[in-house]
Amino acid sequence: MPRESIIRDSNWKCVVVVGAQWGDEGKGKVVDLLTDRVDVVVRAQGGSNAGHTIEVGGEKFVLHLLPSGILRKGVVNVIGNGAVVDLAGLAEEIECLRKRGVEVGRENLLLSESAHLVLPWHRKRDSLREEAQGSNKIGTTRRGIGPTYSDKAIRCGLRVGDLLDWGSFVSKLRPLAEENARILGLRTEELFEEVKGECEAGREIILPFVADTVVWLHGVIKEGKRILFEGAQGTYLDIDHGTYPYVTSSNTTSGGACTGSGVPPTAIDRVLGVMKAYTTRVGGGPFPTESTELGEHLHGLGREFGATTGRARRCGWVDCVMLRQAVQINGFEEFAVTNLDGLDCFEEIPVCVSYELGGERREWPPKRVEEWFACRPVYRFVRGWKCDTSGAKSWEELPKGAREYIHVLEEEIGARCVMVSVGPGREQTIQVERS
């Protein structure tokens with residue numbers, strides 16, 4: 001017997017919300033909706049390259065590094081050790097929210113002292129490398145995320161906790177400035193002063209939030225409080241499981257919630273996958289179901305532009321080959337579907353159920369990027385519903401065609417839908433409760 005839906009179940013304590021595609025699935029909205037029943041929201045990986053758009057009371061908020069729970073009173077938000085922190089960007093994000101009347105203080109925001117710092121030379125190196133790729137660009141946001149994780153891996157990064165002792169921090173900074181100046185062809189002293197100045201300004205704003213978040217989170221678990229882990233990006237941008245090399249630089253799958261926070265796997269009760277009713281991606285890389293027709297339709301509606309970059313997203317039909325493996329890797333039994341209303345006008349909707357590669361049918365995605373590019377989608381066609389779903393308030397109010405479409409997704413990927421979003425507002429989300 002399947003266990004009770006996350007919507008009905010009141011016994012879970014730790015849940016991970018993870019993107020099942022290439023990011024931009026609407027995780028921020030799903031997290032925002034779930035925060036009315038949690039005490040803590042944790043961001044465990046990624047940096048300001050993420051963009052979560054949330055609409056509250058007709059107001060739109062775009063968050064980059066701050067967890068989406070920052071918009072709920074009484075919720076503590078944690079930026080964990082697995083995230084990378086751009087001091088200037090985080091300080092700006094905090095100040096912007098405060099100006100809009102959102103409280104941000106030690107009572108509702110904690111920052112891991114073990115999180116690595118994104119410094120100006122990381123952003124410069126990111127842009128330099130991307131430009132050098134020419135037509136083979138990855139399509140990074142140029143926010144310095146990759147170079148920061150690279151320095152972390154080769155053990156020459158600086159962390160938030162280093163800022164606690166300013167004299168020691170400056171002494172560590174100088175040799176790194178010399179090394180990066182050589183790489184970038186810049187004058188050491190100018191680069192050193194630029195980075196020092198940015199860190200000194202950002203330090204004054206973020207120091208009140210710095211904590212040993214691992215110990216703090218374990219204390220929360222002992223108290224029996226509820227924790228929600230907010231994934232950034234999506235499964236197929238994962239450094240290990242994504243469409244490498246067209247990926248981000250961290251583990252965006254559910255396992256990253258543990259390594260990026262210090263909370264053990266044994267504490268995780270549930271994983272909730274989030275997917276769009278279609279598929280999008282930003283930047284380069286393979287995209288078997290990409291559709292010019294769908295892209296033009298969605299862009300014409302003013303949709304599918306990146307929250308972080310403003311770039312038009314590439315759009316395509318839903319891909320159950322990808323979703324099937326996302327279920328495997330992340331271990332989710334339940335999922336939320338967002339942007340269902342984006343498909344309201346279509347007579348017939350293609351659903352990719354397998355790939356054709358080298359004359360063979362494939363139900364699982366390949367690993368090599370060359371094979372990804374060669375895959376051709378095999379579609380199952382579902383009749384559309386040709387009516388507005390944006391006002392639906394319950395599963396029963398959705399048109400029959402929309403319900404059948406979701407049933408097809410459930411059948412193809414082996415998980416059940418528990419939430420459907422039909423618009424940007426909090427009230428435009430249907431919690432699916434079927435017997």
# chains A, B, ... in the order shown; residues from 1 in each chain; ligands from 1
>>> select_by_dssp(residues="segment 245-376 of chain A", states="alpha helix (DSSP H)", output="VMD selection string")
chain A and resid 255 to 259 292 to 300 320 to 330 369 to 374
>>> closest_residue(among="A:Val17, A:Val369, A:Val75, A:Ala267", to="Val31 of chain A", atoms="only C-alpha atoms")
A:Val17
>>> select_by_dssp(residues="segment 115-354 of chain A", states="strand (DSSP E or B)", output="PyMOL selection string")
chain A and resi 116-118+159+210-211+227-230+270-276+279-281+290+305+312+314-316+318-319+334-338+348-354
>>> write_last_selection(atoms="N, CA, C and O atoms", output="compact mmCIF listing (two decimals), in the first residue's frame")
# COMPACT_ATOMS: atom_id res chain seq x y z
N HIS A 116 31.48 28.42 1.29
CA HIS A 116 32.56 29.10 0.59
C HIS A 116 32.11 30.42 0.00
O HIS A 116 30.94 30.60 -0.34
N LEU A 117 33.07 31.34 -0.14
CA LEU A 117 32.80 32.68 -0.63
C LEU A 117 33.03 32.79 -2.14
O LEU A 117 34.06 32.32 -2.66
N VAL A 118 32.09 33.41 -2.82
CA VAL A 118 32.26 33.78 -4.22
C VAL A 118 32.91 35.16 -4.24
O VAL A 118 32.33 36.13 -3.74
N ARG A 159 36.25 30.77 3.21
CA ARG A 159 34.91 30.45 3.69
C ARG A 159 34.36 31.60 4.54
O ARG A 159 35.09 32.48 4.99
N VAL A 210 26.08 34.59 10.92
CA VAL A 210 27.01 33.46 10.84
C VAL A 210 26.86 32.56 12.06
O VAL A 210 26.79 33.02 13.21
N ALA A 211 26.79 31.23 11.79
CA ALA A 211 26.59 30.26 12.88
C ALA A 211 27.13 28.90 12.48
O ALA A 211 27.40 28.64 11.30
N ILE A 227 11.72 20.48 9.12
CA ILE A 227 12.70 21.12 8.24
C ILE A 227 12.37 20.81 6.79
O ILE A 227 12.07 19.67 6.44
N LEU A 228 12.44 21.83 5.96
CA LEU A 228 12.25 21.66 4.52
C LEU A 228 13.54 22.07 3.82
O LEU A 228 14.07 23.15 4.07
N PHE A 229 14.06 21.20 2.97
CA PHE A 229 15.27 21.47 2.21
C PHE A 229 14.89 21.92 0.81
O PHE A 229 14.22 21.18 0.08
N GLU A 230 15.31 23.12 0.46
CA GLU A 230 14.94 23.71 -0.82
C GLU A 230 16.05 23.50 -1.84
O GLU A 230 17.15 24.06 -1.72
N ARG A 270 10.85 12.41 3.54
CA ARG A 270 10.20 12.46 2.23
C ARG A 270 11.03 13.28 1.27
O ARG A 270 11.77 14.18 1.66
N VAL A 271 10.85 12.95 -0.02
CA VAL A 271 11.39 13.78 -1.11
C VAL A 271 10.22 14.11 -2.02
O VAL A 271 9.46 13.22 -2.42
N LEU A 272 10.06 15.38 -2.35
CA LEU A 272 9.00 15.82 -3.25
C LEU A 272 9.64 16.37 -4.52
O LEU A 272 10.42 17.32 -4.47
N GLY A 273 9.32 15.76 -5.66
CA GLY A 273 9.82 16.25 -6.94
C GLY A 273 8.95 17.36 -7.47
O GLY A 273 7.74 17.38 -7.25
N VAL A 274 9.55 18.30 -8.19
CA VAL A 274 8.81 19.38 -8.83
C VAL A 274 9.15 19.39 -10.31
O VAL A 274 10.33 19.33 -10.68
N MET A 275 8.11 19.46 -11.14
CA MET A 275 8.31 19.50 -12.59
C MET A 275 7.31 20.44 -13.23
O MET A 275 6.23 20.66 -12.71
N LYS A 276 7.71 21.02 -14.34
CA LYS A 276 6.76 21.76 -15.14
C LYS A 276 5.92 20.79 -15.94
O LYS A 276 6.32 19.64 -16.17
N THR A 279 8.80 21.28 -20.50
CA THR A 279 10.21 21.28 -20.12
C THR A 279 10.86 22.58 -20.57
O THR A 279 10.54 23.09 -21.65
N THR A 280 11.78 23.11 -19.76
CA THR A 280 12.58 24.27 -20.18
C THR A 280 14.03 24.07 -19.75
O THR A 280 14.31 23.29 -18.84
N ARG A 281 14.91 24.78 -20.41
CA ARG A 281 16.28 24.88 -19.93
C ARG A 281 16.88 26.19 -20.40
O ARG A 281 16.43 26.77 -21.40
N GLU A 290 12.84 19.80 -27.43
CA GLU A 290 12.73 21.24 -27.69
C GLU A 290 11.78 21.52 -28.84
O GLU A 290 11.79 20.83 -29.86
N PHE A 305 11.18 33.47 -19.01
CA PHE A 305 12.39 34.28 -19.06
C PHE A 305 13.08 34.10 -17.72
O PHE A 305 12.44 34.13 -16.67
N ALA A 312 15.64 34.42 -22.41
CA ALA A 312 14.51 33.57 -22.79
C ALA A 312 14.91 32.11 -22.61
O ALA A 312 15.98 31.70 -23.08
N ARG A 314 14.78 28.12 -23.27
CA ARG A 314 14.41 27.17 -24.32
C ARG A 314 13.24 26.33 -23.79
O ARG A 314 13.21 25.98 -22.62
N CYS A 315 12.29 26.03 -24.67
CA CYS A 315 11.07 25.34 -24.24
C CYS A 315 10.85 24.08 -25.06
O CYS A 315 11.18 24.02 -26.25
N GLY A 316 10.25 23.07 -24.43
CA GLY A 316 9.95 21.83 -25.13
C GLY A 316 8.86 21.06 -24.40
O GLY A 316 8.45 21.42 -23.29
N VAL A 318 6.98 17.88 -22.43
CA VAL A 318 7.38 17.14 -21.24
C VAL A 318 8.14 15.88 -21.66
O VAL A 318 7.82 15.25 -22.66
N ASP A 319 9.17 15.54 -20.89
CA ASP A 319 10.07 14.43 -21.24
C ASP A 319 10.06 13.41 -20.10
O ASP A 319 10.70 13.59 -19.06
N GLU A 334 6.30 11.17 -4.93
CA GLU A 334 5.27 12.18 -5.19
C GLU A 334 5.88 13.37 -5.92
O GLU A 334 7.06 13.66 -5.75
N PHE A 335 5.04 14.05 -6.69
CA PHE A 335 5.55 15.22 -7.40
C PHE A 335 4.49 16.30 -7.50
O PHE A 335 3.29 16.05 -7.37
N ALA A 336 4.98 17.53 -7.73
CA ALA A 336 4.12 18.68 -8.00
C ALA A 336 4.31 19.07 -9.46
O ALA A 336 5.43 19.05 -9.98
N VAL A 337 3.21 19.40 -10.13
CA VAL A 337 3.25 19.87 -11.51
C VAL A 337 2.95 21.37 -11.51
O VAL A 337 1.94 21.80 -10.95
N THR A 338 3.82 22.16 -12.12
CA THR A 338 3.61 23.59 -12.19
C THR A 338 3.34 24.01 -13.64
O THR A 338 3.60 23.25 -14.58
N GLU A 348 -3.72 19.13 -29.01
CA GLU A 348 -3.07 17.84 -28.74
C GLU A 348 -1.71 18.13 -28.12
O GLU A 348 -1.02 19.06 -28.53
N ILE A 349 -1.34 17.33 -27.13
CA ILE A 349 -0.09 17.58 -26.41
C ILE A 349 0.82 16.36 -26.49
O ILE A 349 0.44 15.26 -26.06
N PRO A 350 2.03 16.53 -27.05
CA PRO A 350 2.98 15.41 -27.11
C PRO A 350 3.60 15.14 -25.74
O PRO A 350 3.97 16.06 -25.02
N VAL A 351 3.71 13.88 -25.40
CA VAL A 351 4.41 13.45 -24.18
C VAL A 351 5.51 12.49 -24.61
O VAL A 351 5.24 11.42 -25.18
N CYS A 352 6.77 12.86 -24.37
CA CYS A 352 7.89 12.00 -24.75
C CYS A 352 7.96 10.82 -23.79
O CYS A 352 8.12 11.00 -22.58
N VAL A 353 7.87 9.60 -24.32
CA VAL A 353 7.87 8.40 -23.48
C VAL A 353 9.13 7.56 -23.66
O VAL A 353 9.40 6.68 -22.85
N SER A 354 9.87 7.83 -24.73
CA SER A 354 11.15 7.13 -24.93
C SER A 354 11.96 7.92 -25.96
O SER A 354 11.46 8.87 -26.56
>>> atom_distance(atom1="atom CA of Gly197 of chain A", atom2="atom CA of Gly157 of chain A")
17.7 Å
>>> residues_around(residues="Val418 of chain A", least_positions_apart="6", cutoff="12 Å", atoms="only C-alpha atoms", output="NGL selection string")
:A and (4-9 or 30 or 272-275 or 332-338 or 394-395 or 406-407 or 410 or 429-435)
>>> closest_residue(among="A:Glu59, A:Leu110, A:Arg362, A:Glu356", to="Phe209 of chain A", atoms="only C-alpha atoms")
A:Leu110
>>> closest_residue(among="A:Asn180, A:Asn77, A:Gln328, A:Thr266", to="Thr253 of chain A", atoms="only C-alpha atoms")
A:Gln328
>>> closest_residue(among="A:Lys196, A:Arg187, A:Arg43, A:Arg182", to="Val170 of chain A", atoms="only C-alpha atoms")
A:Lys196
>>> atom_distance(atom1="atom CA of Arg106 of chain A", atom2="atom CA of Pro208 of chain A")
6.4 Å
>>> atom_distance(atom1="atom CA of Leu173 of chain A", atom2="atom CA of Trp121 of chain A")
11.4 Å
